>>> print(open('input.pdb').read())   # PDB, C-alpha atoms
MODEL        1
ATOM      1  CA  MET A1403     -24.955  -7.430 -22.475
ATOM      2  CA  LEU A1404     -21.205  -7.985 -22.340
ATOM      3  CA  LYS A1405     -19.916  -9.904 -25.311
ATOM      4  CA  ASN A1406     -18.006  -7.642 -27.700
ATOM      5  CA  VAL A1407     -15.056  -5.845 -26.065
ATOM      6  CA  VAL A1408     -12.566  -3.470 -27.685
ATOM      7  CA  ALA A1409      -9.425  -2.077 -26.069
ATOM      8  CA  VAL A1410      -8.243   1.229 -27.540
ATOM      9  CA  VAL A1411      -4.495   1.488 -28.096
ATOM     10  CA  LEU A1412      -2.668   4.781 -28.493
ATOM     11  CA  GLU A1413       1.025   5.405 -29.088
ATOM     12  CA  GLU A1414       3.000   5.025 -25.823
ATOM     13  CA  VAL A1415       0.307   2.783 -24.344
ATOM     14  CA  HIS A1416       1.204   1.361 -20.929
ATOM     15  CA  PRO A1417       1.520  -2.412 -21.380
ATOM     16  CA  PHE A1418       0.336  -3.406 -17.902
ATOM     17  CA  GLU A1419      -2.941  -1.503 -18.184
ATOM     18  CA  LEU A1420      -3.489  -2.832 -21.702
ATOM     19  CA  GLY A1421      -2.628  -6.291 -20.408
ATOM     20  CA  VAL A1422      -5.379  -6.026 -17.775
ATOM     21  CA  ALA A1423      -7.987  -5.676 -20.526
ATOM     22  CA  CYS A1424      -6.417  -8.501 -22.540
ATOM     23  CA  GLU A1425      -6.206 -10.835 -19.528
ATOM     24  CA  ILE A1426      -9.776 -10.355 -18.343
ATOM     25  CA  PHE A1427     -11.579 -10.176 -21.681
ATOM     26  CA  GLY A1428      -9.152 -11.624 -24.229
ATOM     27  CA  LEU A1429      -8.640 -15.188 -22.950
ATOM     28  CA  ASP A1430     -10.757 -18.217 -23.747
ATOM     29  CA  ARG A1431     -11.832 -19.679 -20.394
ATOM     30  CA  SER A1432     -14.655 -21.798 -21.793
ATOM     31  CA  ASP A1433     -13.015 -24.895 -20.308
ATOM     32  CA  ASP A1434     -14.087 -23.466 -16.922
ATOM     33  CA  GLY A1435     -17.582 -22.739 -18.183
ATOM     34  CA  LEU A1436     -16.871 -18.994 -18.314
ATOM     35  CA  PRO A1437     -18.000 -16.504 -20.981
ATOM     36  CA  VAL A1438     -15.865 -16.037 -24.076
ATOM     37  CA  TYR A1439     -15.629 -12.451 -25.270
ATOM     38  CA  ASP A1440     -15.204 -11.210 -28.829
ATOM     39  CA  PHE A1441     -12.114  -9.179 -27.954
ATOM     40  CA  ALA A1442     -10.039  -6.921 -30.201
ATOM     41  CA  LEU A1443      -7.482  -4.116 -30.174
ATOM     42  CA  ALA A1444      -8.285  -0.959 -32.127
ATOM     43  CA  SER A1445      -6.591   2.346 -32.809
ATOM     44  CA  ALA A1446      -6.938   5.469 -34.905
ATOM     45  CA  ARG A1447      -3.718   4.312 -36.572
ATOM     46  CA  PRO A1448      -3.654   0.491 -36.713
ATOM     47  CA  GLY A1449      -0.363  -1.317 -37.139
ATOM     48  CA  LEU A1450       2.683  -1.555 -34.899
ATOM     49  CA  LEU A1451       2.390   0.947 -32.054
ATOM     50  CA  ARG A1452       5.060   1.759 -29.496
ATOM     51  CA  THR A1453       4.401   0.997 -25.844
ATOM     52  CA  HIS A1454       5.546   2.964 -22.829
ATOM     53  CA  ALA A1455       8.030   0.151 -22.111
ATOM     54  CA  GLY A1456       9.772   0.468 -25.495
ATOM     55  CA  PHE A1457       8.518  -2.599 -27.371
ATOM     56  CA  ARG A1458       5.750  -2.506 -29.963
ATOM     57  CA  VAL A1459       2.330  -4.103 -30.085
ATOM     58  CA  GLU A1460       0.413  -4.937 -33.239
ATOM     59  CA  VAL A1461      -3.054  -3.389 -33.423
ATOM     60  CA  PRO A1462      -5.061  -4.918 -36.281
ATOM     61  CA  HIS A1463      -8.197  -2.764 -36.267
ATOM     62  CA  GLY A1464      -9.108   0.864 -36.859
ATOM     63  CA  VAL A1465     -11.796   2.842 -35.046
ATOM     64  CA  GLU A1466     -14.515   1.166 -37.118
ATOM     65  CA  ARG A1467     -14.110  -1.884 -34.860
ATOM     66  CA  ILE A1468     -15.578   0.166 -31.982
ATOM     67  CA  ALA A1469     -18.920   0.382 -33.772
ATOM     68  CA  GLY A1470     -20.018  -3.081 -32.629
ATOM     69  CA  ALA A1471     -18.541  -3.068 -29.118
ATOM     70  CA  ASP A1472     -20.555  -3.499 -25.927
ATOM     71  CA  LEU A1473     -17.569  -2.253 -23.929
ATOM     72  CA  VAL A1474     -14.707   0.016 -24.988
ATOM     73  CA  ILE A1475     -11.642   0.143 -22.721
ATOM     74  CA  THR A1476      -9.196   3.048 -22.866
ATOM     75  CA  ALA A1477      -5.866   2.031 -21.375
ATOM     76  CA  ALA A1478      -3.256   4.362 -19.929
ATOM     77  CA  THR A1479      -0.783   6.306 -22.049
ATOM     78  CA  GLY A1480       1.548   9.188 -21.467
ATOM     79  CA  LEU A1481      -0.497  12.325 -20.803
ATOM     80  CA  GLN A1482      -1.600  13.883 -24.085
ATOM     81  CA  GLU A1483      -3.090  17.252 -24.925
ATOM     82  CA  GLU A1484      -4.927  16.088 -28.041
ATOM     83  CA  PHE A1485      -6.475  12.840 -29.260
ATOM     84  CA  PRO A1486      -7.418  11.709 -32.796
ATOM     85  CA  ALA A1487     -10.744  13.282 -33.745
ATOM     86  CA  GLU A1488     -12.087  10.061 -35.282
ATOM     87  CA  LEU A1489     -11.363   8.156 -32.062
ATOM     88  CA  VAL A1490     -13.063  10.787 -29.909
ATOM     89  CA  GLU A1491     -16.127  10.680 -32.158
ATOM     90  CA  ALA A1492     -16.208   6.863 -32.118
ATOM     91  CA  LEU A1493     -16.313   6.886 -28.309
ATOM     92  CA  ARG A1494     -19.138   9.430 -28.233
ATOM     93  CA  THR A1495     -21.123   7.418 -30.762
ATOM     94  CA  ALA A1496     -20.550   4.189 -28.838
ATOM     95  CA  VAL A1497     -22.008   5.636 -25.639
ATOM     96  CA  GLU A1498     -24.924   7.225 -27.506
ATOM     97  CA  ARG A1499     -25.948   3.835 -28.920
ATOM     98  CA  GLY A1500     -25.741   2.167 -25.470
ATOM     99  CA  ALA A1501     -22.190   0.854 -25.133
ATOM    100  CA  ARG A1502     -20.153   1.226 -21.965
ATOM    101  CA  VAL A1503     -16.688   2.748 -21.741
ATOM    102  CA  LEU A1504     -14.089   1.955 -19.092
ATOM    103  CA  SER A1505     -10.853   3.861 -18.618
ATOM    104  CA  ILE A1506      -7.763   2.732 -16.730
ATOM    105  CA  CYS A1507      -5.417   5.296 -15.161
ATOM    106  CA  SER A1508      -4.684   8.154 -17.598
ATOM    107  CA  GLY A1509      -7.084   6.625 -20.128
ATOM    108  CA  THR A1510      -9.607   8.834 -18.317
ATOM    109  CA  PHE A1511      -8.252  11.834 -20.230
ATOM    110  CA  LEU A1512      -9.430  10.325 -23.534
ATOM    111  CA  LEU A1513     -12.938   9.982 -22.117
ATOM    112  CA  GLY A1514     -12.747  13.601 -20.958
ATOM    113  CA  ALA A1515     -11.739  14.738 -24.434
ATOM    114  CA  ALA A1516     -14.829  12.970 -25.771
ATOM    115  CA  GLY A1517     -17.017  14.904 -23.323
ATOM    116  CA  LEU A1518     -18.033  11.697 -21.548
ATOM    117  CA  LEU A1519     -16.991  12.918 -18.098
ATOM    118  CA  ASP A1520     -19.131  16.058 -18.144
ATOM    119  CA  GLY A1521     -21.610  16.014 -15.267
ATOM    120  CA  ARG A1522     -20.235  12.732 -13.962
ATOM    121  CA  ARG A1523     -17.985  11.634 -11.132
ATOM    122  CA  CYS A1524     -14.729   9.986 -12.171
ATOM    123  CA  THR A1525     -11.281   9.016 -10.979
ATOM    124  CA  THR A1526      -7.773   8.522 -12.310
ATOM    125  CA  HIS A1527      -4.335   7.888 -10.849
ATOM    126  CA  TRP A1528      -3.948  10.101  -7.783
ATOM    127  CA  ARG A1529      -0.887  11.776  -9.339
ATOM    128  CA  HIS A1530      -3.051  13.042 -12.232
ATOM    129  CA  SER A1531      -6.185  14.001 -10.285
ATOM    130  CA  ASP A1532      -5.536  17.746 -10.070
ATOM    131  CA  ARG A1533      -4.614  17.937 -13.740
ATOM    132  CA  LEU A1534      -7.743  16.031 -14.752
ATOM    133  CA  ALA A1535      -9.964  18.296 -12.648
ATOM    134  CA  ALA A1536      -8.378  21.427 -14.107
ATOM    135  CA  ARG A1537      -8.680  20.213 -17.687
ATOM    136  CA  PHE A1538     -12.271  18.982 -17.389
ATOM    137  CA  PRO A1539     -14.003  21.280 -14.879
ATOM    138  CA  LEU A1540     -17.482  19.838 -15.576
ATOM    139  CA  THR A1541     -16.547  16.545 -13.943
ATOM    140  CA  ARG A1542     -16.058  15.772 -10.244
ATOM    141  CA  VAL A1543     -12.794  13.933  -9.699
ATOM    142  CA  GLU A1544     -12.638  11.571  -6.733
ATOM    143  CA  PRO A1545      -8.927  10.927  -6.089
ATOM    144  CA  ASP A1546      -9.288   8.503  -3.157
ATOM    145  CA  VAL A1547     -11.217   5.627  -4.768
ATOM    146  CA  LEU A1548     -10.146   2.610  -6.829
ATOM    147  CA  TYR A1549     -12.871   3.106  -9.431
ATOM    148  CA  VAL A1550     -16.080   5.019 -10.098
ATOM    149  CA  ASP A1551     -19.096   3.480 -11.813
ATOM    150  CA  GLU A1552     -21.192   6.223 -13.416
ATOM    151  CA  ASP A1553     -22.880   3.853 -15.834
ATOM    152  CA  PRO A1554     -22.228   3.822 -18.786
ATOM    153  CA  VAL A1555     -18.871   5.429 -17.909
ATOM    154  CA  ILE A1556     -16.559   3.529 -15.558
ATOM    155  CA  THR A1557     -13.217   5.047 -14.595
ATOM    156  CA  ALA A1558     -10.421   3.247 -12.762
ATOM    157  CA  ALA A1559      -7.522   4.742 -10.830
ATOM    158  CA  GLY A1560      -3.888   3.788 -11.377
ATOM    159  CA  THR A1561      -2.556   0.540 -12.809
ATOM    160  CA  ALA A1562      -3.883  -2.445 -10.817
ATOM    161  CA  SER A1563      -7.182  -0.728 -10.063
ATOM    162  CA  GLY A1564      -8.078  -1.523 -13.664
ATOM    163  CA  ILE A1565      -8.445  -5.121 -12.486
ATOM    164  CA  ASP A1566     -10.845  -3.978  -9.772
ATOM    165  CA  ALA A1567     -12.969  -1.981 -12.214
ATOM    166  CA  CYS A1568     -13.116  -4.727 -14.845
ATOM    167  CA  LEU A1569     -14.039  -7.402 -12.294
ATOM    168  CA  HIS A1570     -16.656  -5.037 -10.863
ATOM    169  CA  LEU A1571     -18.237  -4.682 -14.295
ATOM    170  CA  VAL A1572     -18.173  -8.449 -14.884
ATOM    171  CA  ARG A1573     -19.772  -8.976 -11.457
ATOM    172  CA  LYS A1574     -22.421  -6.363 -12.211
ATOM    173  CA  LEU A1575     -23.385  -7.715 -15.632
ATOM    174  CA  GLN A1576     -22.620 -11.440 -15.386
ATOM    175  CA  GLY A1577     -22.747 -12.263 -11.699
ATOM    176  CA  ALA A1578     -20.437 -12.667  -8.735
ATOM    177  CA  GLU A1579     -19.550 -16.277  -9.542
ATOM    178  CA  VAL A1580     -18.189 -15.370 -12.989
ATOM    179  CA  ALA A1581     -16.138 -12.525 -11.511
ATOM    180  CA  ARG A1582     -14.803 -14.789  -8.753
ATOM    181  CA  ALA A1583     -13.852 -17.487 -11.228
ATOM    182  CA  ILE A1584     -11.959 -15.046 -13.454
ATOM    183  CA  ALA A1585     -10.198 -13.590 -10.401
ATOM    184  CA  ARG A1586      -9.283 -17.109  -9.250
ATOM    185  CA  ARG A1587      -7.699 -17.868 -12.622
ATOM    186  CA  MET A1588      -5.774 -14.578 -12.429
ATOM    187  CA  VAL A1589      -4.716 -15.298  -8.816
ATOM    188  CA  VAL A1590      -6.070 -11.943  -7.615
ATOM    189  CA  ALA A1591      -8.672 -10.890  -5.083
ATOM    190  CA  PRO A1592     -12.158 -10.561  -6.608
ATOM    191  CA  HIS A1593     -12.636  -7.428  -4.514
ATOM    192  CA  ARG A1594     -10.067  -5.274  -2.719
ATOM    193  CA  GLU A1595     -10.628  -3.316   0.460
ATOM    194  CA  GLY A1596     -10.103   0.419   0.640
ATOM    195  CA  GLY A1597      -9.237   2.985  -1.992
ATOM    196  CA  GLN A1598      -6.382   5.039  -3.397
ATOM    197  CA  ALA A1599      -6.013   7.078  -0.222
ATOM    198  CA  GLN A1600      -3.930   4.336   1.410
ATOM    199  CA  PHE A1601      -1.401   4.490  -1.456
ATOM    200  CA  ILE A1602      -0.886   8.249  -1.651
ATOM    201  CA  ALA A1603       2.503   9.248  -0.293
ATOM    202  CA  ARG A1604       2.118  12.066   2.222
ATOM    203  CA  PRO A1605       5.442  12.472   4.038
ATOM    204  CA  LEU A1606       5.484  13.865   7.557
ATOM    205  CA  PRO A1607       6.692  17.471   7.286
ATOM    206  CA  VAL A1608      10.069  18.090   8.886
ATOM    207  CA  GLU A1609       9.569  21.743   9.706
ATOM    208  CA  ASP A1610       7.490  24.758   8.850
ATOM    209  CA  GLY A1611       8.609  28.255   8.035
ATOM    210  CA  ASP A1612       5.406  29.874   9.263
ATOM    211  CA  SER A1613       4.741  31.603  12.566
ATOM    212  CA  LEU A1614       3.173  28.489  14.103
ATOM    213  CA  GLY A1615       6.106  26.275  13.149
ATOM    214  CA  GLY A1616       7.251  25.784  16.734
ATOM    215  CA  VAL A1617       3.803  24.828  17.971
ATOM    216  CA  LEU A1618       3.190  22.479  15.050
ATOM    217  CA  ASP A1619       6.512  20.776  15.668
ATOM    218  CA  TRP A1620       5.651  20.365  19.353
ATOM    219  CA  MET A1621       2.256  18.902  18.441
ATOM    220  CA  ARG A1622       3.922  16.351  16.140
ATOM    221  CA  ARG A1623       6.268  15.264  18.910
ATOM    222  CA  HIS A1624       3.373  14.835  21.353
ATOM    223  CA  LEU A1625       0.691  13.179  19.235
ATOM    224  CA  ASP A1626      -0.192  10.885  22.137
ATOM    225  CA  ARG A1627      -1.322  13.848  24.251
ATOM    226  CA  GLU A1628      -4.748  15.451  24.274
ATOM    227  CA  ASN A1629      -4.475  19.225  23.932
ATOM    228  CA  THR A1630      -7.279  21.756  23.889
ATOM    229  CA  VAL A1631      -7.265  24.823  21.656
ATOM    230  CA  ASP A1632      -6.858  26.941  24.811
ATOM    231  CA  GLU A1633      -3.680  25.031  25.764
ATOM    232  CA  LEU A1634      -2.233  25.249  22.273
ATOM    233  CA  ALA A1635      -3.093  28.946  22.039
ATOM    234  CA  ALA A1636      -1.279  29.576  25.335
ATOM    235  CA  ARG A1637       1.787  27.776  23.971
ATOM    236  CA  ALA A1638       1.656  30.052  20.910
ATOM    237  CA  HIS A1639       1.128  33.131  23.143
ATOM    238  CA  MET A1640      -2.164  33.936  21.418
ATOM    239  CA  SER A1641      -5.813  34.142  22.375
ATOM    240  CA  PRO A1642      -7.782  30.995  21.422
ATOM    241  CA  ARG A1643      -9.710  32.909  18.778
ATOM    242  CA  THR A1644      -6.559  34.338  17.170
ATOM    243  CA  PHE A1645      -4.844  30.958  17.341
ATOM    244  CA  ALA A1646      -7.734  29.173  15.606
ATOM    245  CA  ARG A1647      -7.844  31.800  12.855
ATOM    246  CA  ARG A1648      -4.059  31.757  12.338
ATOM    247  CA  PHE A1649      -3.988  27.963  12.399
ATOM    248  CA  HIS A1650      -6.556  27.781   9.606
ATOM    249  CA  GLN A1651      -4.687  30.412   7.579
ATOM    250  CA  GLU A1652      -1.413  28.510   7.784
ATOM    251  CA  THR A1653      -2.575  24.895   7.545
ATOM    252  CA  GLY A1654      -5.895  25.187   5.724
ATOM    253  CA  THR A1655      -7.732  23.209   8.376
ATOM    254  CA  THR A1656      -8.680  23.079  12.061
ATOM    255  CA  PRO A1657      -6.340  21.956  14.875
ATOM    256  CA  HIS A1658      -8.442  18.827  15.469
ATOM    257  CA  ARG A1659      -8.475  17.759  11.814
ATOM    258  CA  TRP A1660      -4.758  18.525  11.445
ATOM    259  CA  LEU A1661      -3.955  16.430  14.524
ATOM    260  CA  THR A1662      -6.054  13.542  13.231
ATOM    261  CA  GLY A1663      -4.177  13.619   9.925
ATOM    262  CA  GLN A1664      -0.777  13.636  11.642
ATOM    263  CA  ARG A1665      -1.815  10.788  13.923
ATOM    264  CA  LEU A1666      -2.919   8.731  10.942
ATOM    265  CA  LEU A1667       0.408   9.354   9.204
ATOM    266  CA  LEU A1668       2.248   8.101  12.289
ATOM    267  CA  ALA A1669      -0.085   5.109  12.560
ATOM    268  CA  GLN A1670       0.592   4.193   8.927
ATOM    269  CA  ARG A1671       4.336   4.229   9.530
ATOM    270  CA  LEU A1672       4.056   2.156  12.704
ATOM    271  CA  LEU A1673       1.844  -0.392  10.971
ATOM    272  CA  GLU A1674       4.311  -0.584   8.084
ATOM    273  CA  GLY A1675       7.500  -0.771  10.127
ATOM    274  CA  THR A1676       6.701  -2.436  13.481
ATOM    275  CA  GLU A1677       4.912  -5.495  14.825
ATOM    276  CA  GLU A1678       3.236  -3.576  17.644
ATOM    277  CA  PRO A1679      -0.384  -4.619  18.303
ATOM    278  CA  VAL A1680      -2.960  -2.256  16.874
ATOM    279  CA  ASP A1681      -4.024  -1.181  20.381
ATOM    280  CA  ALA A1682      -0.429  -0.122  21.117
ATOM    281  CA  VAL A1683      -0.198   1.741  17.812
ATOM    282  CA  ALA A1684      -3.464   3.524  18.616
ATOM    283  CA  ALA A1685      -2.159   4.589  22.035
ATOM    284  CA  ARG A1686       1.159   5.877  20.651
ATOM    285  CA  CYS A1687      -0.680   7.925  18.038
ATOM    286  CA  GLY A1688      -3.166   9.493  20.447
ATOM    287  CA  PHE A1689      -6.246   7.557  19.363
ATOM    288  CA  GLY A1690      -6.511   5.756  22.679
ATOM    289  CA  ASN A1691      -7.720   2.382  21.462
ATOM    290  CA  ALA A1692      -7.980   0.208  18.360
ATOM    291  CA  ALA A1693     -11.675   0.956  17.827
ATOM    292  CA  THR A1694     -11.039   4.690  17.512
ATOM    293  CA  LEU A1695      -8.082   4.077  15.201
ATOM    294  CA  ARG A1696     -10.226   1.817  13.000
ATOM    295  CA  HIS A1697     -12.914   4.494  12.851
ATOM    296  CA  HIS A1698     -10.533   7.185  11.600
ATOM    297  CA  PHE A1699      -8.731   4.777   9.259
ATOM    298  CA  GLY A1700     -12.032   3.909   7.652
ATOM    299  CA  ARG A1701     -13.159   7.525   7.283
ATOM    300  CA  ARG A1702      -9.876   8.898   5.916
ATOM    301  CA  LEU A1703      -8.252   5.946   4.158
ATOM    302  CA  GLY A1704     -11.159   3.678   3.289
ATOM    303  CA  THR A1705      -9.603   0.583   4.865
ATOM    304  CA  THR A1706      -8.754  -0.925   8.256
ATOM    305  CA  PRO A1707      -5.440  -0.902  10.171
ATOM    306  CA  GLN A1708      -5.199  -4.690   9.833
ATOM    307  CA  ALA A1709      -5.804  -4.615   6.067
ATOM    308  CA  TYR A1710      -3.321  -1.759   5.684
ATOM    309  CA  ARG A1711      -0.663  -3.696   7.611
ATOM    310  CA  ARG A1712      -1.209  -6.799   5.490
ATOM    311  CA  ALA A1713      -0.779  -4.733   2.344
ATOM    312  CA  PHE A1714       2.232  -2.630   3.314
ATOM    313  CA  ALA A1715       4.205  -4.235   6.159
ATOM    314  CA  GLY A1716       7.561  -5.559   5.001
ATOM    315  CA  GLY A1717       7.659  -9.334   4.856
ATOM    316  CA  GLY A1718       3.946  -9.809   5.497
ATOM    317  CA  LEU A1719       3.482  -9.680   9.257
ATOM    318  CA  ARG A1720       1.694 -12.400  11.169
ATOM    319  CA  GLY A1721       0.979 -12.555  14.869
ATOM    320  CA  PRO A1722      -0.721 -10.581  17.637
ATOM    321  CA  ALA A1723      -1.138  -7.406  15.567
ATOM    322  CA  GLU A1724      -3.528  -9.135  13.160
ATOM    323  CA  ARG A1725      -5.654 -10.631  15.932
ATOM    324  CA  VAL A1726      -6.652  -7.253  17.377
TER     325      VAL A1726
ENDMDL
END
>>> encode(input="input.pdb", output="structure tokens")
Amino acid sequence: MLKNVVAVVLEEVHPFELGVACEIFGLDRSDDGLPVYDFALASARPGLLRTHAGFRVEVPHGVERIAGADLVITAATGLQEEFPAELVEALRTAVERGARVLSICSGTFLLGAAGLLDGRRCTTHWRHSDRLAARFPLTRVEPDVLYVDEDPVITAAGTASGIDACLHLVRKLQGAEVARAIARRMVVAPHREGGQAQFIARPLPVEDGDSLGGVLDWMRRHLDRENTVDELAARAHMSPRTFARRFHQETGTTPHRWLTGQRLLLAQRLLEGTEEPVDAVAARCGFGNAATLRHHFGRRLGTTPQAYRRAFAGGGLRGPAERV
């Protein structure tokens, strides 16, 4: 059942995330034969509430409006330490009677305060993942995904991933054709490839102050070369066993996994900034061929090199690189 939808508004609400809920569930698309939702805004303090962008939005309903909702959406706000007790209780009661809740970005923190994340997987914007995990240790935060469906609790990552989560729920409850039609009206993809991992900024380190700094720098400058632990240990003037132990102490991982991560970083930058074919990018990064690059892209970033290039290359590249 998905008919009655309420979006919760707090002071300093982010207008884009709130707008996602309004766009998907608040518009009458009956002329296209699509469902019409009984949609409303509610807050612990109804009236004019300030948005993160500086203007105000009028919220006509109090928390009592949540009592009849099939779906309650908590949009993003500035990070807060405390939430209104009556709102927290209304969310708990809604889930207990069978309603679903869906958070967008930092709206996940409100669900955590209501105890709705305990024992469940969840996600939020990758910038807030560590803070969410520390504040709610009974949940398992997955920072690399666009959304997590732990029915009846659905959590979306940052900003536009709220669209993904809402369309996923529509598809799940009302069918793929309804979700596709809503997406078509919004001029968005009904389903996006990949997850948050492809958006997380991880700059290539310039230098290291640790004892393996020289070797790490050399490895970065020769990512296209295959090097064994024995060869790297000799370069560091250590035994292989000592080198492997020291490497893990100073990087937190193994030489092979570290190299794979550095090669992926270089591949991302080449896909963003050049028109080189994917096979050439793979060779420059030490993956050898496009198939191996695709394998590691999928495992680490949840997408493909071609999809990543389409999303992030300046000007929207077309040509040989996309045919690989």
>>> resolve_selection(input="input.pdb", expression="the PyMOL selection byres ((chain A and resi 1474-1476) around 7)", output="VMD selection string")
chain A and resid 1407 to 1410 1471 to 1473 1477 to 1478 1502 to 1506 1509
>>> write_last_selection(input="input.pdb", atoms="C-alpha atoms", output="mmCIF file, in the frame of the given file")
data_model
loop_
_atom_site.group_PDB
_atom_site.id
_atom_site.type_symbol
_atom_site.label_atom_id
_atom_site.label_comp_id
_atom_site.auth_asym_id
_atom_site.auth_seq_id
_atom_site.Cartn_x
_atom_site.Cartn_y
_atom_site.Cartn_z
ATOM 1 C CA VAL A 1407 -15.056 -5.845 -26.065
ATOM 2 C CA VAL A 1408 -12.566 -3.470 -27.685
ATOM 3 C CA ALA A 1409 -9.425 -2.077 -26.069
ATOM 4 C CA VAL A 1410 -8.243 1.229 -27.540
ATOM 5 C CA ALA A 1471 -18.541 -3.068 -29.118
ATOM 6 C CA ASP A 1472 -20.555 -3.499 -25.927
ATOM 7 C CA LEU A 1473 -17.569 -2.253 -23.929
ATOM 8 C CA ALA A 1477 -5.866 2.031 -21.375
ATOM 9 C CA ALA A 1478 -3.256 4.362 -19.929
ATOM 10 C CA ARG A 1502 -20.153 1.226 -21.965
ATOM 11 C CA VAL A 1503 -16.688 2.748 -21.741
ATOM 12 C CA LEU A 1504 -14.089 1.955 -19.092
ATOM 13 C CA SER A 1505 -10.853 3.861 -18.618
ATOM 14 C CA ILE A 1506 -7.763 2.732 -16.730
ATOM 15 C CA GLY A 1509 -7.084 6.625 -20.128
#
>>> resolve_selection(input="input.pdb", expression="the PyMOL selection byres ((chain A and resi 1486) around 12)", output="PyMOL selection string")
chain A and resi 1410-1413+1445-1447+1464-1465+1482-1485+1487-1493+1512+1515-1516
>>> resolve_selection(input="input.pdb", expression="the PyMOL selection byres ((chain A and resi 1657-1665) around 12)", output="VMD selection string")
chain A and resid 1604 to 1607 1614 1617 to 1635 1642 1645 to 1656 1666 to 1672 1683 to 1690 1694 to 1695 1697 to 1699 1701 to 1703
>>> closest_residue(input="input.pdb", among="A:Gly1456, A:Gly1675, A:Gly1421, A:Pro1592", to="Asp1566 in chain A", atoms="all atoms listed in the file")
A:Pro1592
>>> atom_distance(input="input.pdb", atom1="CA of Thr1453 in chain A", atom2="CA of His1530 in chain A")
19.6 Å
>>> residues_around(input="input.pdb", residues="Leu1575 in chain A", least_positions_apart="6", cutoff="10 Å", atoms="only C-alpha atoms", output="PyMOL selection string")
chain A and resi 1403-1404+1569+1581
>>> closest_residue(input="input.pdb", among="A:Ile1468, A:Val1415, A:Ala1558, A:Ala1636", to="Leu1451 in chain A", atoms="all atoms listed in the file")
A:Val1415
>>> atom_distance(input="input.pdb", atom1="CA of Cys1524 in chain A", atom2="CA of Phe1418 in chain A")
21.0 Å
>>> atom_distance(input="input.pdb", atom1="CA of His1416 in chain A", atom2="CA of Leu1450 in chain A")
14.3 Å
>>> closest_residue(input="input.pdb", among="A:Ala1578, A:Ala1583, A:Cys1507, A:Val1550", to="Val1422 in chain A", atoms="all atoms listed in the file")
A:Cys1507
>>> closest_residue(input="input.pdb", among="A:Glu1579, A:Asp1520, A:Asp1681, A:Asp1440", to="Arg1542 in chain A", atoms="only C-alpha atoms")
A:Asp1520
>>> residues_around(input="input.pdb", residues="range 1710-1716 of chain A", least_positions_apart="3", cutoff="8 Å", atoms="all atoms listed in the file", output="PDB file with C-alpha atoms, in the frame of the given file")
ATOM      1  CA  GLN A1600      -3.930   4.336   1.410  1.00  0.00           C
ATOM      2  CA  GLN A1670       0.592   4.193   8.927  1.00  0.00           C
ATOM      3  CA  LEU A1673       1.844  -0.392  10.971  1.00  0.00           C
ATOM      4  CA  GLU A1674       4.311  -0.584   8.084  1.00  0.00           C
ATOM      5  CA  GLY A1675       7.500  -0.771  10.127  1.00  0.00           C
ATOM      6  CA  THR A1676       6.701  -2.436  13.481  1.00  0.00           C
ATOM      7  CA  THR A1705      -9.603   0.583   4.865  1.00  0.00           C
ATOM      8  CA  THR A1706      -8.754  -0.925   8.256  1.00  0.00           C
ATOM      9  CA  PRO A1707      -5.440  -0.902  10.171  1.00  0.00           C
ATOM     10  CA  LEU A1719       3.482  -9.680   9.257  1.00  0.00           C
TER      11      LEU A1719
END
>>> closest_residue(input="input.pdb", among="A:Ala1693, A:Ala1501, A:Arg1587, A:Leu1548", to="Ala1562 in chain A", atoms="all atoms listed in the file")
A:Leu1548
>>> closest_residue(input="input.pdb", among="A:Pro1417, A:Leu1513, A:Arg1696, A:Pro1554", to="Glu1498 in chain A", atoms="only C-alpha atoms")
A:Pro1554
>>> build_atoms(input="input.pdb", residues="range 1476-1482 of chain A", atoms="N, CA, C and O atoms", output="short mmCIF file (atom, residue, chain, number, x, y, z; two decimals), in the frame of the given file")
data_model
loop_
_atom_site.label_atom_id
_atom_site.label_comp_id
_atom_site.auth_asym_id
_atom_site.auth_seq_id
_atom_site.Cartn_x
_atom_site.Cartn_y
_atom_site.Cartn_z
N THR A 1476 -10.29 2.15 -22.51
CA THR A 1476 -9.20 3.05 -22.87
C THR A 1476 -8.08 2.88 -21.84
O THR A 1476 -8.24 3.23 -20.68
N ALA A 1477 -6.99 2.30 -22.28
CA ALA A 1477 -5.87 2.03 -21.38
C ALA A 1477 -5.01 3.27 -21.21
O ALA A 1477 -5.12 4.26 -21.96
N ALA A 1478 -4.11 3.21 -20.25
CA ALA A 1478 -3.26 4.36 -19.93
C ALA A 1478 -2.22 4.61 -21.02
O ALA A 1478 -1.73 3.69 -21.67
N THR A 1479 -1.89 5.88 -21.19
CA THR A 1479 -0.78 6.31 -22.05
C THR A 1479 -0.08 7.45 -21.34
O THR A 1479 -0.51 7.90 -20.27
N GLY A 1480 0.99 7.94 -21.94
CA GLY A 1480 1.55 9.19 -21.47
C GLY A 1480 0.51 10.28 -21.62
O GLY A 1480 -0.34 10.22 -22.53
N LEU A 1481 0.52 11.28 -20.75
CA LEU A 1481 -0.50 12.32 -20.80
C LEU A 1481 -0.41 13.09 -22.12
O LEU A 1481 0.66 13.53 -22.52
N GLN A 1482 -1.54 13.24 -22.78
CA GLN A 1482 -1.60 13.88 -24.08
C GLN A 1482 -2.55 15.07 -24.05
O GLN A 1482 -3.55 15.05 -23.34
#
